[in-house]
Every structure is written in structure tokens, then in C-alpha cells.
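Pasting input-v7.cif here (mmCIF, C-alpha atoms):
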data_start
#
loop_
_atom_site.label_atom_id
_atom_site.label_comp_id
_atom_site.auth_asym_id
_atom_site.auth_seq_id
_atom_site.Cartn_x
_atom_site.Cartn_y
_atom_site.Cartn_z
CA MET A 1 64.25 14.73 32.62
CA ASN A 2 63.96 12.72 29.45
CA THR A 3 62.46 9.89 31.47
CA CYS A 4 59.76 12.19 32.83
CA ASN A 5 58.96 13.51 29.38
CA HIS A 6 58.77 9.96 28.07
CA LEU A 7 56.36 8.98 30.86
CA ASN A 8 54.17 12.02 30.15
CA VAL A 9 53.99 11.18 26.44
CA THR A 10 53.18 7.56 27.20
CA SER A 11 50.44 8.61 29.60
CA SER A 12 48.99 11.00 27.01
CA GLU A 13 49.01 8.31 24.35
CA LEU A 14 47.27 5.85 26.66
CA SER A 15 44.66 8.47 27.51
CA LEU A 16 44.13 9.20 23.82
CA LYS A 17 43.80 5.51 22.95
CA ARG A 18 41.28 5.06 25.73
CA LYS A 19 39.19 7.98 24.45
CA VAL A 20 39.39 6.71 20.87
CA PHE A 21 38.23 3.29 22.06
CA TYR A 22 35.22 4.83 23.77
CA ILE A 23 34.43 6.89 20.69
CA VAL A 24 34.50 3.81 18.45
CA LEU A 25 32.35 1.91 20.94
CA THR A 26 29.83 4.76 21.03
CA VAL A 27 29.69 4.93 17.21
CA VAL A 28 28.95 1.18 17.05
CA ILE A 29 26.14 1.65 19.60
CA VAL A 30 24.71 4.47 17.48
CA MET A 31 24.87 2.21 14.40
CA LEU A 32 23.03 -0.59 16.17
CA THR A 33 20.48 1.86 17.51
CA PHE A 34 19.70 3.11 14.01
CA GLN A 35 19.41 -0.46 12.84
CA PHE A 36 16.90 -1.63 15.40
CA PHE A 37 14.82 1.44 16.16
CA ASP A 38 12.70 3.83 14.12
CA SER A 39 13.78 7.47 14.43
CA SER A 40 10.15 8.51 14.72
CA ASN A 41 9.88 6.62 18.00
CA GLN A 42 10.10 8.76 21.12
CA LYS A 43 12.04 6.10 23.02
CA PHE A 44 14.59 6.04 20.24
CA ILE A 45 15.00 9.82 20.40
CA GLN A 46 15.56 9.64 24.14
CA SER A 47 18.20 6.93 23.67
CA GLN A 48 19.89 9.13 21.08
CA LYS A 49 20.13 12.00 23.56
CA ILE A 50 21.65 9.74 26.23
CA ILE A 51 24.28 8.39 23.82
CA TYR A 52 25.20 11.84 22.59
CA ALA A 53 25.44 13.17 26.16
CA ASN A 54 27.84 10.37 27.10
CA LEU A 55 29.87 11.05 23.97
CA LEU A 56 30.17 14.70 24.98
CA LYS A 57 31.54 13.68 28.37
CA ILE A 58 34.19 11.55 26.70
CA LEU A 59 35.19 14.28 24.28
CA LYS A 60 36.47 16.82 26.81
CA PRO A 61 38.67 19.64 25.45
CA THR A 62 42.22 18.40 25.15
CA SER A 63 45.29 18.88 23.04
CA VAL A 64 46.47 15.80 21.24
CA LYS A 65 48.34 14.86 18.16
CA ASN A 66 46.51 14.02 14.94
CA THR A 67 45.52 10.40 15.13
CA THR A 68 43.61 8.20 12.69
CA VAL A 69 42.00 4.91 13.65
CA LYS A 70 40.35 2.64 11.13
CA THR A 71 38.04 -0.23 11.91
CA SER A 72 36.12 -2.54 9.62
CA THR A 73 32.63 -3.81 10.39
CA THR A 74 30.90 -6.44 8.27
CA THR A 75 27.10 -6.81 8.25
CA THR A 76 24.92 -9.35 6.47
CA SER A 77 25.02 -7.53 3.14
CA THR A 78 27.40 -4.52 3.38
CA THR A 79 31.04 -4.04 4.42
CA THR A 80 31.38 -0.71 6.22
CA THR A 81 34.56 1.26 6.95
CA THR A 82 34.59 3.60 9.93
CA THR A 83 37.19 6.37 9.98
CA ILE A 84 37.71 8.50 13.08
CA SER A 85 40.05 11.47 12.94
CA THR A 86 40.76 13.67 15.95
CA THR A 87 42.42 17.08 15.94
CA THR A 88 43.23 19.61 18.58
CA SER A 89 40.72 21.27 20.88
CA LEU A 90 37.69 19.01 20.53
CA ALA A 91 34.82 21.14 21.69
CA THR A 92 31.25 20.99 20.49
CA LEU A 93 29.32 18.02 19.17
CA HIS A 94 26.96 18.17 16.17
CA ILE A 95 24.83 15.14 15.38
CA THR A 96 23.04 14.57 12.05
CA PRO A 97 20.55 11.72 12.55
CA LEU A 98 19.24 9.87 9.49
CA ARG A 99 15.99 7.93 9.18
CA ASN A 100 15.69 4.46 7.67
CA SER A 101 19.27 4.69 6.44
CA SER A 102 22.47 2.78 6.92
CA ASN A 103 24.41 6.06 6.69
CA VAL A 104 25.27 7.72 10.01
CA SER A 105 27.17 10.98 10.28
CA ILE A 106 28.56 12.38 13.53
CA ALA A 107 30.58 15.61 13.45
CA VAL A 108 32.46 17.40 16.25
CA ALA A 109 33.40 20.94 15.30
CA THR A 110 35.15 23.96 16.81
CA PRO A 111 35.47 27.58 15.58
CA ALA A 112 38.83 26.61 14.10
CA SER A 113 37.05 23.95 11.99
CA GLN A 114 38.74 21.20 13.95
CA THR A 115 36.48 18.17 13.55
CA LEU A 116 35.91 14.63 14.50
CA SER A 117 33.86 12.87 11.83
CA THR A 118 32.54 9.37 11.57
CA THR A 119 31.10 8.30 8.24
CA MET A 120 29.49 4.97 7.48
CA ALA A 121 30.16 4.59 3.76
CA THR A 122 28.17 2.06 1.77
CA THR A 123 27.68 1.27 -1.88
CA THR A 124 24.24 2.98 -1.77
CA SER A 125 24.03 6.76 -1.74
CA PHE A 126 22.24 8.74 0.94
CA ASP A 127 19.50 9.86 -1.47
CA GLU A 128 18.72 6.33 -2.65
CA VAL A 129 18.60 4.77 0.82
CA LEU A 130 16.54 7.50 2.42
CA CYS A 131 14.14 8.30 -0.40
CA ASP A 132 13.74 5.18 -2.50
CA ASN A 133 12.98 2.84 0.40
CA ILE A 134 10.19 4.92 1.92
CA THR A 135 7.05 2.80 1.49
CA GLU A 136 5.12 3.61 4.66
CA SER A 137 1.97 5.66 4.12
CA LYS A 138 -0.96 6.23 6.41
CA THR A 139 -2.61 9.20 4.73
CA ILE A 140 -3.41 10.31 1.24
CA ASN A 141 -0.94 13.19 1.50
CA MET A 142 2.75 12.85 0.82
CA PRO A 143 4.77 12.74 4.05
CA ASP A 144 6.56 15.88 5.24
CA ASN A 145 10.03 14.57 4.61
CA PRO A 146 13.01 16.45 3.16
CA CYS A 147 13.54 13.64 0.69
CA GLU A 148 9.97 13.79 -0.62
CA ARG A 149 11.13 15.95 -3.50
CA ILE A 150 9.73 15.50 -6.98
CA ARG A 151 12.16 13.60 -9.15
CA CYS A 152 10.05 12.42 -12.13
CA ASN A 153 6.67 12.65 -13.87
CA ILE A 154 3.89 10.13 -14.59
CA LEU A 155 1.31 10.84 -17.29
CA LEU A 156 -2.06 9.08 -17.73
CA ARG A 157 -3.80 10.67 -20.70
CA GLN A 158 -5.52 7.81 -22.52
CA SER A 159 -7.90 5.18 -21.22
CA GLY A 160 -10.01 2.32 -22.44
CA GLY A 161 -12.36 -0.40 -21.28
CA ARG A 162 -14.92 0.11 -18.57
CA LEU A 163 -14.97 1.40 -15.01
CA GLY A 164 -12.87 -1.41 -13.50
CA ASN A 165 -10.17 -0.95 -16.16
CA ARG A 166 -9.88 2.77 -15.48
CA MET A 167 -9.65 2.11 -11.76
CA PHE A 168 -6.65 -0.14 -12.44
CA MET A 169 -5.03 2.50 -14.64
CA PHE A 170 -5.46 5.28 -12.09
CA ALA A 171 -4.35 3.11 -9.15
CA SER A 172 -1.24 1.90 -10.98
CA ALA A 173 -0.29 5.42 -12.11
CA TYR A 174 -0.75 6.68 -8.55
CA GLY A 175 1.24 3.77 -7.11
CA LEU A 176 4.16 4.42 -9.48
CA ALA A 177 4.09 8.13 -8.67
CA ARG A 178 4.14 7.43 -4.92
CA THR A 179 6.90 4.85 -5.27
CA HIS A 180 9.24 7.17 -7.19
CA ASN A 181 8.12 10.53 -5.71
CA CYS A 182 6.86 11.63 -9.13
CA ARG A 183 4.42 14.32 -10.11
CA LEU A 184 1.21 12.80 -11.48
CA PHE A 185 -0.98 14.01 -14.32
CA VAL A 186 -4.32 12.31 -15.00
CA ALA A 187 -6.46 13.47 -17.93
CA GLN A 188 -9.61 15.28 -16.88
CA PRO A 189 -12.06 12.86 -18.63
CA ILE A 190 -10.64 9.99 -16.57
CA LEU A 191 -10.91 11.99 -13.35
CA ASN A 192 -14.45 13.04 -14.26
CA GLU A 193 -15.62 9.44 -14.72
CA LEU A 194 -14.01 8.31 -11.49
CA SER A 195 -15.42 11.34 -9.64
CA ASN A 196 -18.91 10.50 -10.92
CA ASN A 197 -18.66 7.15 -9.14
CA PHE A 198 -16.36 7.74 -6.16
CA GLN A 199 -15.33 10.40 -3.69
CA MET A 200 -11.90 10.87 -5.35
CA LYS A 201 -10.14 13.15 -2.88
CA PRO A 202 -7.89 15.70 -4.60
CA ILE A 203 -4.35 14.58 -5.33
CA ASP A 204 -1.79 16.20 -3.03
CA LYS A 205 -0.57 19.54 -4.41
CA LYS A 206 3.06 18.46 -4.05
CA MET A 207 2.29 15.49 -6.25
CA LEU A 208 -0.10 17.02 -8.80
CA LEU A 209 1.33 17.91 -12.21
CA PRO A 210 -0.73 20.83 -13.62
CA ALA A 211 -2.04 20.48 -17.18
CA GLU A 212 -0.26 23.64 -18.33
CA GLU A 213 3.10 22.10 -17.47
CA VAL A 214 2.52 18.87 -19.37
CA ASN A 215 3.08 20.50 -22.77
CA LYS A 216 6.46 21.81 -21.57
CA LEU A 217 7.79 18.32 -20.83
CA LYS A 218 10.42 16.85 -23.12
CA ASP A 219 11.88 13.41 -23.67
CA ILE A 220 8.68 11.60 -22.67
CA SER A 221 9.12 7.83 -22.61
CA SER A 222 6.17 5.44 -22.86
CA GLN A 223 5.34 2.02 -21.50
CA LEU A 224 2.53 -0.36 -22.46
CA SER A 225 1.17 -2.89 -19.97
CA ILE A 226 -2.08 -4.80 -20.31
CA CYS A 227 -2.23 -7.53 -17.73
CA GLU A 228 1.26 -8.16 -16.44
CA PHE A 229 3.58 -6.81 -13.77
CA LEU A 230 6.81 -5.18 -14.96
CA PRO A 231 9.31 -5.30 -12.07
CA LYS A 232 11.64 -2.85 -13.82
CA MET A 233 9.07 -0.09 -13.28
CA LEU A 234 9.84 -0.15 -9.54
CA ILE A 235 13.60 0.30 -10.01
CA PRO A 236 14.71 3.76 -8.82
CA HIS A 237 15.58 6.30 -11.54
CA VAL A 238 14.49 3.97 -14.35
CA PHE A 239 12.60 6.87 -16.00
CA HIS A 240 12.24 10.63 -15.70
CA THR A 241 8.99 11.37 -17.54
CA LEU A 242 6.78 8.36 -18.32
CA GLU A 243 3.42 8.09 -20.08
CA ILE A 244 1.61 4.83 -19.44
CA PHE A 245 -0.64 3.04 -21.94
CA GLY A 246 -2.84 -0.01 -21.47
CA TYR A 247 -4.76 -1.31 -18.46
CA TRP A 248 -1.89 -1.99 -15.98
CA GLN A 249 -3.89 -4.76 -14.33
CA SER A 250 -1.63 -5.84 -11.48
CA TYR A 251 -2.20 -5.04 -7.84
CA LEU A 252 1.58 -5.06 -7.28
CA TYR A 253 1.88 -1.53 -8.66
CA PHE A 254 -0.26 0.02 -5.92
CA ASP A 255 -0.77 -2.46 -3.07
CA ALA A 256 1.80 -0.64 -0.89
CA TYR A 257 -0.65 2.29 -0.85
CA ARG A 258 -3.83 0.26 -0.39
CA GLU A 259 -5.39 2.55 2.20
CA GLU A 260 -4.80 5.60 0.03
CA ILE A 261 -6.42 3.84 -2.94
CA ARG A 262 -9.41 3.01 -0.73
CA GLU A 263 -9.68 6.68 0.17
CA PHE A 264 -9.90 7.57 -3.52
CA PHE A 265 -12.41 4.82 -4.32
CA SER A 266 -14.84 5.49 -1.46
CA SER A 267 -18.50 6.51 -1.51
CA ARG A 268 -19.68 9.94 -2.61
CA ASN A 269 -22.15 11.73 -0.36
CA ASP A 270 -25.09 11.02 -2.67
CA THR A 271 -24.06 7.37 -2.86
CA LEU A 272 -23.99 7.18 0.93
CA SER A 273 -27.53 8.57 1.09
CA ARG A 274 -28.90 6.10 -1.47
CA LEU A 275 -27.15 3.10 0.05
CA SER A 276 -28.18 4.01 3.59
CA ALA A 277 -31.84 4.36 2.56
CA TYR A 278 -31.90 1.14 0.54
CA LEU A 279 -30.02 -1.02 3.05
CA THR A 280 -32.00 0.30 6.03
CA ASN A 281 -35.22 -0.68 4.25
CA MET A 282 -33.72 -4.04 3.23
CA ILE A 283 -32.72 -4.81 6.81
CA ALA A 284 -36.13 -3.91 8.22
CA GLY A 285 -37.30 -7.47 7.60
CA ILE A 286 -34.41 -8.79 9.71
CA CYS A 287 -34.24 -6.11 12.38
CA PRO A 288 -37.40 -3.92 12.50
CA GLN A 289 -36.18 -2.00 15.56
CA CYS A 290 -32.72 -1.18 14.20
CA PRO A 291 -31.98 2.52 13.53
CA SER A 292 -31.18 3.88 10.09
CA LEU A 293 -27.67 3.41 8.80
CA PRO A 294 -25.38 6.49 8.92
CA THR A 295 -24.63 8.68 5.92
CA THR A 296 -21.55 10.46 7.24
CA THR A 297 -18.63 8.50 5.74
CA HIS A 298 -18.12 5.25 3.89
CA ARG A 299 -16.09 3.88 6.80
CA GLU A 300 -18.88 4.54 9.33
CA LEU A 301 -21.52 3.08 7.02
CA ARG A 302 -19.42 -0.06 6.58
CA GLN A 303 -18.84 -0.48 10.31
CA ALA A 304 -22.55 -0.08 11.08
CA PHE A 305 -23.60 -2.50 8.31
CA GLN A 306 -21.15 -5.16 9.48
CA ASN A 307 -21.69 -4.87 13.24
CA ARG A 308 -25.32 -4.01 13.94
CA TYR A 309 -27.24 -7.09 12.82
CA ASN A 310 -25.13 -10.06 13.95
CA VAL A 311 -24.91 -11.12 10.31
CA THR A 312 -21.90 -12.19 8.26
CA TRP A 313 -22.39 -10.48 4.92
CA ILE A 314 -20.98 -12.00 1.73
CA SER A 315 -20.96 -9.97 -1.49
CA ILE A 316 -21.46 -11.69 -4.85
CA HIS A 317 -20.73 -10.06 -8.18
CA ILE A 318 -22.03 -11.89 -11.25
CA ARG A 319 -21.08 -10.61 -14.72
CA ARG A 320 -22.91 -12.31 -17.56
CA THR A 321 -24.26 -10.15 -20.39
CA ASP A 322 -21.01 -9.75 -22.34
CA PHE A 323 -19.12 -12.69 -20.85
CA ARG A 324 -21.47 -15.46 -21.99
CA GLY A 325 -20.51 -15.06 -25.65
CA LEU A 326 -16.82 -15.02 -24.74
CA GLY A 327 -16.99 -18.09 -22.52
CA TYR A 328 -15.91 -16.10 -19.46
CA SER A 329 -19.09 -16.29 -17.38
CA SER A 330 -19.19 -18.52 -14.31
CA ASP A 331 -21.81 -21.24 -14.03
CA ASP A 332 -24.28 -21.89 -11.22
CA THR A 333 -22.24 -24.73 -9.71
CA TYR A 334 -19.27 -22.45 -8.97
CA ILE A 335 -21.50 -19.86 -7.31
CA ARG A 336 -23.24 -22.51 -5.21
CA ARG A 337 -19.96 -24.07 -4.16
CA ALA A 338 -18.53 -20.70 -3.10
CA MET A 339 -21.67 -19.89 -1.09
CA ASN A 340 -21.51 -23.26 0.67
CA ILE A 341 -17.83 -22.72 1.57
CA TYR A 342 -18.78 -19.57 3.46
CA ARG A 343 -21.80 -21.23 5.06
CA ARG A 344 -19.62 -24.04 6.40
CA ARG A 345 -16.82 -21.72 7.46
CA TYR A 346 -19.21 -19.47 9.40
CA HIS A 347 -21.74 -22.10 10.41
CA ASN A 348 -22.14 -20.51 13.84
CA PHE A 349 -23.18 -17.21 12.27
CA ASP A 350 -26.11 -15.92 10.27
CA VAL A 351 -24.65 -15.83 6.73
CA ARG A 352 -26.46 -13.71 4.15
CA PHE A 353 -25.54 -12.62 0.63
CA LEU A 354 -25.70 -9.28 -1.19
CA VAL A 355 -25.70 -9.68 -4.99
CA ALA A 356 -24.86 -7.20 -7.77
CA SER A 357 -25.16 -8.26 -11.40
CA ASP A 358 -25.67 -7.00 -14.93
CA ASP A 359 -28.20 -9.84 -15.36
CA ARG A 360 -30.72 -9.41 -12.53
CA PRO A 361 -33.40 -11.73 -14.03
CA TYR A 362 -30.87 -14.55 -13.94
CA CYS A 363 -30.13 -13.84 -10.28
CA GLN A 364 -33.82 -13.64 -9.42
CA GLN A 365 -34.24 -17.07 -10.97
CA ILE A 366 -31.32 -18.98 -9.40
CA PHE A 367 -31.81 -17.42 -5.95
CA GLU A 368 -35.61 -17.42 -5.93
CA GLY A 369 -36.09 -19.48 -2.76
CA GLU A 370 -33.28 -17.75 -0.87
CA ILE A 371 -34.60 -14.32 -1.81
CA LYS A 372 -37.98 -15.20 -0.30
CA ALA A 373 -36.23 -16.47 2.85
CA ARG A 374 -34.25 -13.18 3.04
CA LYS A 375 -30.97 -15.01 2.80
CA VAL A 376 -30.04 -13.42 -0.52
CA PHE A 377 -30.62 -9.78 -1.54
CA VAL A 378 -30.21 -8.60 -5.14
CA LEU A 379 -29.36 -4.92 -5.55
CA PRO A 380 -31.96 -3.07 -7.65
CA SER A 381 -31.47 -1.48 -11.08
CA THR A 382 -32.14 1.96 -9.58
CA LEU A 383 -28.60 1.99 -8.19
CA SER A 384 -25.70 3.08 -10.41
CA PRO A 385 -22.63 0.91 -11.13
CA GLY A 386 -20.71 3.02 -8.62
CA ASP A 387 -23.46 2.48 -6.03
CA ASP A 388 -23.39 -1.29 -6.62
CA LEU A 389 -19.62 -1.41 -6.24
CA MET A 390 -19.68 0.58 -2.99
CA ALA A 391 -22.49 -1.62 -1.64
CA LEU A 392 -20.42 -4.76 -2.28
CA THR A 393 -17.43 -3.28 -0.42
CA LEU A 394 -19.58 -2.96 2.73
CA CYS A 395 -19.65 -6.75 3.16
CA HIS A 396 -17.31 -8.85 5.27
CA HIS A 397 -16.23 -11.22 2.47
CA ALA A 398 -16.70 -11.65 -1.27
CA ILE A 399 -17.46 -14.06 -4.12
CA VAL A 400 -16.25 -12.97 -7.57
CA THR A 401 -17.07 -14.52 -10.93
CA GLY A 402 -14.75 -12.53 -13.20
CA GLY A 403 -13.87 -9.11 -14.56
CA THR A 404 -12.09 -6.09 -13.13
CA TYR A 405 -15.30 -4.71 -11.58
CA GLY A 406 -15.61 -7.78 -9.38
CA PHE A 407 -11.89 -7.63 -8.57
CA TRP A 408 -12.27 -4.09 -7.20
CA ALA A 409 -15.38 -4.97 -5.19
CA ALA A 410 -13.34 -7.69 -3.45
CA TYR A 411 -10.07 -5.77 -3.16
CA LEU A 412 -11.65 -2.67 -1.63
CA GLY A 413 -13.73 -4.82 0.73
CA GLY A 414 -10.60 -6.26 2.27
CA GLY A 415 -12.07 -9.53 3.59
CA GLU A 416 -11.77 -13.10 2.37
CA VAL A 417 -12.29 -13.57 -1.35
CA ILE A 418 -13.33 -16.58 -3.46
CA HIS A 419 -12.67 -16.18 -7.20
CA ASP A 420 -13.54 -18.43 -10.12
CA ILE A 421 -10.31 -20.11 -11.23
CA ARG A 422 -11.71 -20.68 -14.72
CA TYR A 423 -11.96 -16.96 -15.48
CA LYS A 424 -9.71 -16.30 -18.49
CA ALA A 425 -8.18 -13.05 -17.37
CA GLY A 426 -5.08 -13.49 -19.52
CA CYS A 427 -2.94 -12.44 -16.55
CA SER A 428 -0.47 -14.27 -14.39
CA GLN A 429 -2.37 -15.42 -11.31
CA MET A 430 0.43 -14.29 -8.97
CA GLU A 431 0.46 -10.81 -10.51
CA TYR A 432 -3.30 -10.28 -10.85
CA TYR A 433 -4.76 -11.92 -7.73
CA PRO A 434 -3.64 -10.75 -4.27
CA PRO A 435 -2.57 -13.61 -1.99
CA TRP A 436 -5.81 -13.55 0.02
CA PHE A 437 -7.87 -14.40 -3.11
CA MET A 438 -8.82 -18.11 -3.02
CA LEU A 439 -9.24 -19.56 -6.51
CA ILE A 440 -11.71 -22.41 -6.87
CA GLY A 441 -13.85 -23.97 -9.58
CA PRO A 442 -17.14 -25.90 -9.58
CA LEU A 443 -17.31 -29.37 -8.09
CA PRO A 444 -16.70 -32.11 -10.68
CA ASN A 445 -19.81 -33.75 -12.10
CA ARG A 446 -20.35 -37.17 -10.52
CA ASN A 447 -21.66 -38.64 -13.76
CA ASP A 448 -18.55 -37.47 -15.62
CA LYS A 449 -16.36 -38.93 -12.91
CA ALA A 450 -18.17 -42.27 -13.08
CA SER A 451 -17.90 -42.42 -16.86
CA LYS A 452 -14.10 -41.93 -16.71
CA THR A 453 -13.78 -44.89 -14.39
#

Structure re-expressed in C-alpha cells:
Amino acid sequence: MNTCNHLNVTSSELSLKRKVFYIVLTVVIVMLTFQFFDSSNQKFIQSQKIIYANLLKILKPTSVKNTTVKTSTTTTSTTTTTTISTTTSLATLHITPLRNSSNVSIAVATPASQTLSTTMATTTSFDEVLCDNITESKTINMPDNPCERIRCNILLRQSGGRLGNRMFMFASAYGLARTHNCRLFVAQPILNELSNNFQMKPIDKKMLLPAEEVNKLKDISSQLSICEFLPKMLIPHVFHTLEIFGYWQSYLYFDAYREEIREFFSSRNDTLSRLSAYLTNMIAGICPQCPSLPTTTHRELRQAFQNRYNVTWISIHIRRTDFRGLGYSSDDTYIRRAMNIYRRRYHNFDVRFLVASDDRPYCQQIFEGEIKARKVFVLPSTLSPGDDLMALTLCHHAIVTGGTYGFWAAYLGGGEVIHDIRYKAGCSQMEYYPPWFMLIGPLPNRNDKASKT
């Protein structure tokens, strides 16, 4: 009799060990699945269902003794401990899937609160992993995610400089707010100036900090940044309420949300009408039979301008009036060299140039022959600074002499960019210029080179 009982116990223990082995194996598969697939993918969801269904088959109702099994799994950067505890009458299975997280929780519960739980414990909390590492964004609205809760505030109340400086300040404030899931307040005068030049879609209501709530805020910290990138500002929970001062001239604050920034800084309806009329008339000398350019959206105008005429368009921004006295203005040799680089690179295409400048007489003089040949077009003084900037962003590629206005014309355009390396921006090149900006200078003077030898 004792022998029979002993055999029954041994058989039960073997059965239990086998089930525990399958459970551990299934948990590891779930871990790997979360590591290599995105939970938004339909195929991933289907694979989840299959795994959970198989786990349910394994966990049939049974009566066993309390058993605890511990395993240790080491990944490239985190050591994870998996604990599986089983109690009597395993019945229903409840799965809590997590997105973009190394935490996985699987719970099996019964009315008697008898559970099987598997917890992947790491040094990073659930909230930090799930919320702080969300950088994907395809629209201007904040994603519908349970972790997109407001945790801090960003204030932009003072501004300086000109249009390009204020674009940097707004973009950096917006980028910080998106990175940390903060509410954002931007002073109305700043919004008014930007709205006078660009479409400026409304900030998402979940993200907008109303003016009446700003005065209620306490313990406001401040940070000054002129032309440098401060990596600490991207560390989670480094501030609660922050007011920014200075120009914040580094693309690294907002480049993760580039498409959203382009949506803000896109053409107004009246700008679209003026640009469509001017460019259609300008193109008539090249393509008399071509239809008028659209006025619906900036994106459609850009696509039509780039694709209709079999022309590779290069924008040139030349800032001179205030830069000459400061020694910041680019000389003719740099501009000519940059133009020739594009001509050689696209020698099989019809390359033409669209020029915006605060010194149009200078441009009319240095491009006189090319203007007559319809190879260079100088935007007229009847267009506003916002119109000029939007016109430059319609081109395939860009040439920039210096200044934040030229930076934004190139950045929003999104093509290849040649920038004058001698421009004294006062910024670190790696923090100010995106990696697709090519920095060059003028060709060395042959006479100077001969004299040195």
C-alpha cells in the first residue's frame, strides 16, 4: 500500500515538474516575442493569442502542492529573475501585455485568488520603460496611450532675436514637452508672430497649458541655453516645471519630432495663394503649357513644384545687410562653389536656383547672366519673410550662407544641404548642424597658394 502511494506521489511530482517546465518555456517565448516584435503589429497579436492558448492547455485544473521554481536569465544589459508559483486549482488565465517594455506580467487567477504569476523584474520601473522611451510620432497629436499622462510643465514666455530665433525657441520647447510628456505654455505674442508667417496648427489639448493655470504654478525652475545642446534636459524627471530662456539653437531638442515641427511651420492659405501665383508665372518661361500650381496644402504645392517640370530645384538663402559689418556674410566664391557642386552632382538634370535674400540688388548683380538665361530666379520684395522661407522649402536641395533663417529653410526642405563652414554661429557644429548638412568653404585662391610656395 505504501509502495502504491509512493508511486502515485512520484508520478504526480513528475507531472508537476513537466508542467512547470512547459510554463517556464512558454514564458521565455513570450519574453522573446516582446523583444523582437512590436505590440501594434497584427502578426504579433496573433502570435500572442496562439501562445496564450497553448499555455491554457498546459494549465489544466489540477490539485498540486505549492511549488516554487526560480530561473535566472541574463540579457545583454539586464539580469532578470523569473519566479513561478503554482497553487491549487489553476483555472483561468489573465494576460497583461506591455508595449516597448522589458516587463512582462502573466497572471492565472481563480475565484479563491489562487494565482500563478510571472514577473520580469528589472532595475527600471514600468513607468520609466513604457513612457520615457516613447519617441515614435507620426501626427501632431499626442498618441492615445495610457502612459501619455502629463508629468511636467514647459514655459516659453520670453523671446528675442528674429523669426529664425523664435522658430528655434518654439521647436525646442515643443520637443522637450513631447519628450517628457509635459504641458506646454507659449506666450501669445510668440504664437502670434509665428501664426503670421506659418500655418501653426493648434497644440494638442492634452498638451496645452492654459494661461490661467500658469500663475498657479509653484517652484518654477529656469534654464538658459543660447547655442548649445544640454543632454541633461532629456533625462527623465530632471524637472517638474521649467521655464526656458535664450535661443535653444540645437536641432537635437526637437529632431525626433521633425514631421510635427514641419506641420507647425508650413504655409498659410494666403501664402499658398501668393506662392502658387508667383511660381506659376515664373515657370511659364520654362513650361508655357503647364497648369497652375495647386493652392490646397503646402505638401501638394511642394510635390507639384518638384515633379512637374523635370527640374532639380536648389534654394539659396543669402543674408548680407546686417552680416557684412559683423564679418558673417559669405562671399561670392563660396556661393559659386556650392552651385557648381550641385551642377556636377546632377549633371544629367536641369538644375535651376531659387534665391531669397535681404540684399536683392546684390543678387541681381552677381547672377545677372543666369537670371537672363532663366537658370536663377530671385524672389521679389513683394513676398513676406514667411513667404520667402516657404518658397525655399519647396526646393529639392539647399545652399545656406548663414543665420537661423537659412538653417530653417534647409531643415524644413529636407533635401541635401550645403552650408558655409566659415559662418561664425558660435555653436558646436555637431549640435547645431544636422548630419546631412555639408559644410564647405570657398576654393583657395591660386595666387595665394602660389605665393606660399

key: CA of Phe198 in chain A to CA of Pro294 in chain A, straight-line distance in Å   = 17.6 Å

inquiry  = Distance cut-off 12 Å, centre (-22.2, 3.0, -5.2) in file coordinates, counting all atoms listed in the file: which residues qualify? Return them as a ChimeraX atom specification.
reply    = /A:194-199,265-276,278,298,356,379-394,409

key: Who sits within 7 Å of range 236-245 of chain A, all atoms listed in the file, same chain under 4 positions skipped, as a ChimeraX atom specification   = /A:132,152-156,158,180,220-225

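Every residue that the PyMOL selection byres ((chain A and resi 403) around 10) selects in this file is listed here: Gly164, Asn165, His317, Ile318, Arg319, Phe323, Tyr328, Ser329, Val400, Thr401, Gly402, Thr404, Tyr405, Gly406, Phe407, Trp408, Tyr423, Lys424 and Ala425 of chain A.
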
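Here CA of Leu279 in chain A and CA of Val311 in chain A stand 13.4 Å from one another.
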
ask   = What is the CA of Arg374 in chain A-CA of Phe353 in chain A distance in Å, reported with one decimal?
value =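 Between CA of Arg374 in chain A and CA of Phe353 in chain A the gap is 9.1 Å.
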
request  = Have a look at A:Arg345, A:Arg299, A:Lys218, A:Lys232 and name the one nearest to Glu259 in chain A; count only C-alpha atoms.
outcome  =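 Under the stated criterion, the closest residue is A:Arg299.
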
request  = Tell me, as a list in words, which residues lie within 10 Å of Trp436 in chain A, counting all atoms listed in the file; anything in the same chain fewer than 5 positions away does not count.
outcome  =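 Near Trp436 in chain A, the qualifying residues are Tyr411, Gly414, Gly415, Glu416, Val417 and Ile418 of chain A.
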
How about saving the chosen residues, C-alpha atoms kept, as a compact mmCIF listing (two decimals), keeping the file's coordinate frame?
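Result went into result.txt, see below:
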# COMPACT_ATOMS: atom_id res chain seq x y z
CA TYR A 411 -10.07 -5.77 -3.16
CA GLY A 414 -10.60 -6.26 2.27
CA GLY A 415 -12.07 -9.53 3.59
CA GLU A 416 -11.77 -13.10 2.37
CA VAL A 417 -12.29 -13.57 -1.35
CA ILE A 418 -13.33 -16.58 -3.46

To test the calculation: enclose all listed atoms of range 371-381 of chain A in a box whose edges run along x, y and z, add 4 Å on each side, then state centre and edge lengths in Å to one decimal, as AutoDock Vina command-line options.
--center_x -33.7 --center_y -9.0 --center_z -4.0 --size_x 16.6 --size_y 23.0 --size_z 22.1

Which neighbours of Tyr432 in chain A fall inside 9 Å, counting only C-alpha atoms, when residues of the same chain fewer than 2 positions from it are skipped, and could you give them as a PDB file with C-alpha atoms, in the frame of the given file?
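Saved the output as out-v6.pdb:
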ATOM      1  CA  CYS A 227      -2.230  -7.530 -17.730  1.00  0.00           C
ATOM      2  CA  GLU A 228       1.260  -8.160 -16.440  1.00  0.00           C
ATOM      3  CA  PHE A 229       3.580  -6.810 -13.770  1.00  0.00           C
ATOM      4  CA  GLN A 249      -3.890  -4.760 -14.330  1.00  0.00           C
ATOM      5  CA  SER A 250      -1.630  -5.840 -11.480  1.00  0.00           C
ATOM      6  CA  TYR A 251      -2.200  -5.040  -7.840  1.00  0.00           C
ATOM      7  CA  LEU A 252       1.580  -5.060  -7.280  1.00  0.00           C
ATOM      8  CA  ALA A 425      -8.180 -13.050 -17.370  1.00  0.00           C
ATOM      9  CA  CYS A 427      -2.940 -12.440 -16.550  1.00  0.00           C
ATOM     10  CA  SER A 428      -0.470 -14.270 -14.390  1.00  0.00           C
ATOM     11  CA  GLN A 429      -2.370 -15.420 -11.310  1.00  0.00           C
ATOM     12  CA  MET A 430       0.430 -14.290  -8.970  1.00  0.00           C
ATOM     13  CA  PRO A 434      -3.640 -10.750  -4.270  1.00  0.00           C
TER      14      PRO A 434
END

I'd like the neighbourhood of range 333-344 of chain A as a short mmCIF file (atom, residue, chain, number, x, y, z; two decimals) with C-alpha atoms, in the frame of the given file, where a residue qualifies if any of its atoms comes within 7 Å (using all atoms listed in the file), though same-chain residues fewer than 5 positions away should be ignored.
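Produced file result_29.cif, reproduced below:
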data_model
loop_
_atom_site.label_atom_id
_atom_site.label_comp_id
_atom_site.auth_asym_id
_atom_site.auth_seq_id
_atom_site.Cartn_x
_atom_site.Cartn_y
_atom_site.Cartn_z
CA VAL A 351 -24.65 -15.83 6.73
CA ILE A 399 -17.46 -14.06 -4.12
CA ILE A 418 -13.33 -16.58 -3.46
CA GLY A 441 -13.85 -23.97 -9.58
CA PRO A 442 -17.14 -25.90 -9.58
CA LEU A 443 -17.31 -29.37 -8.09
#

query = Out of A:Ile316, A:Leu176, A:Cys363, A:Ala410, which residue has the shortest atom-to-atom distance to Leu234 in chain A when counting all atoms listed in the file?
reply =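 Closest candidate: A:Leu176.
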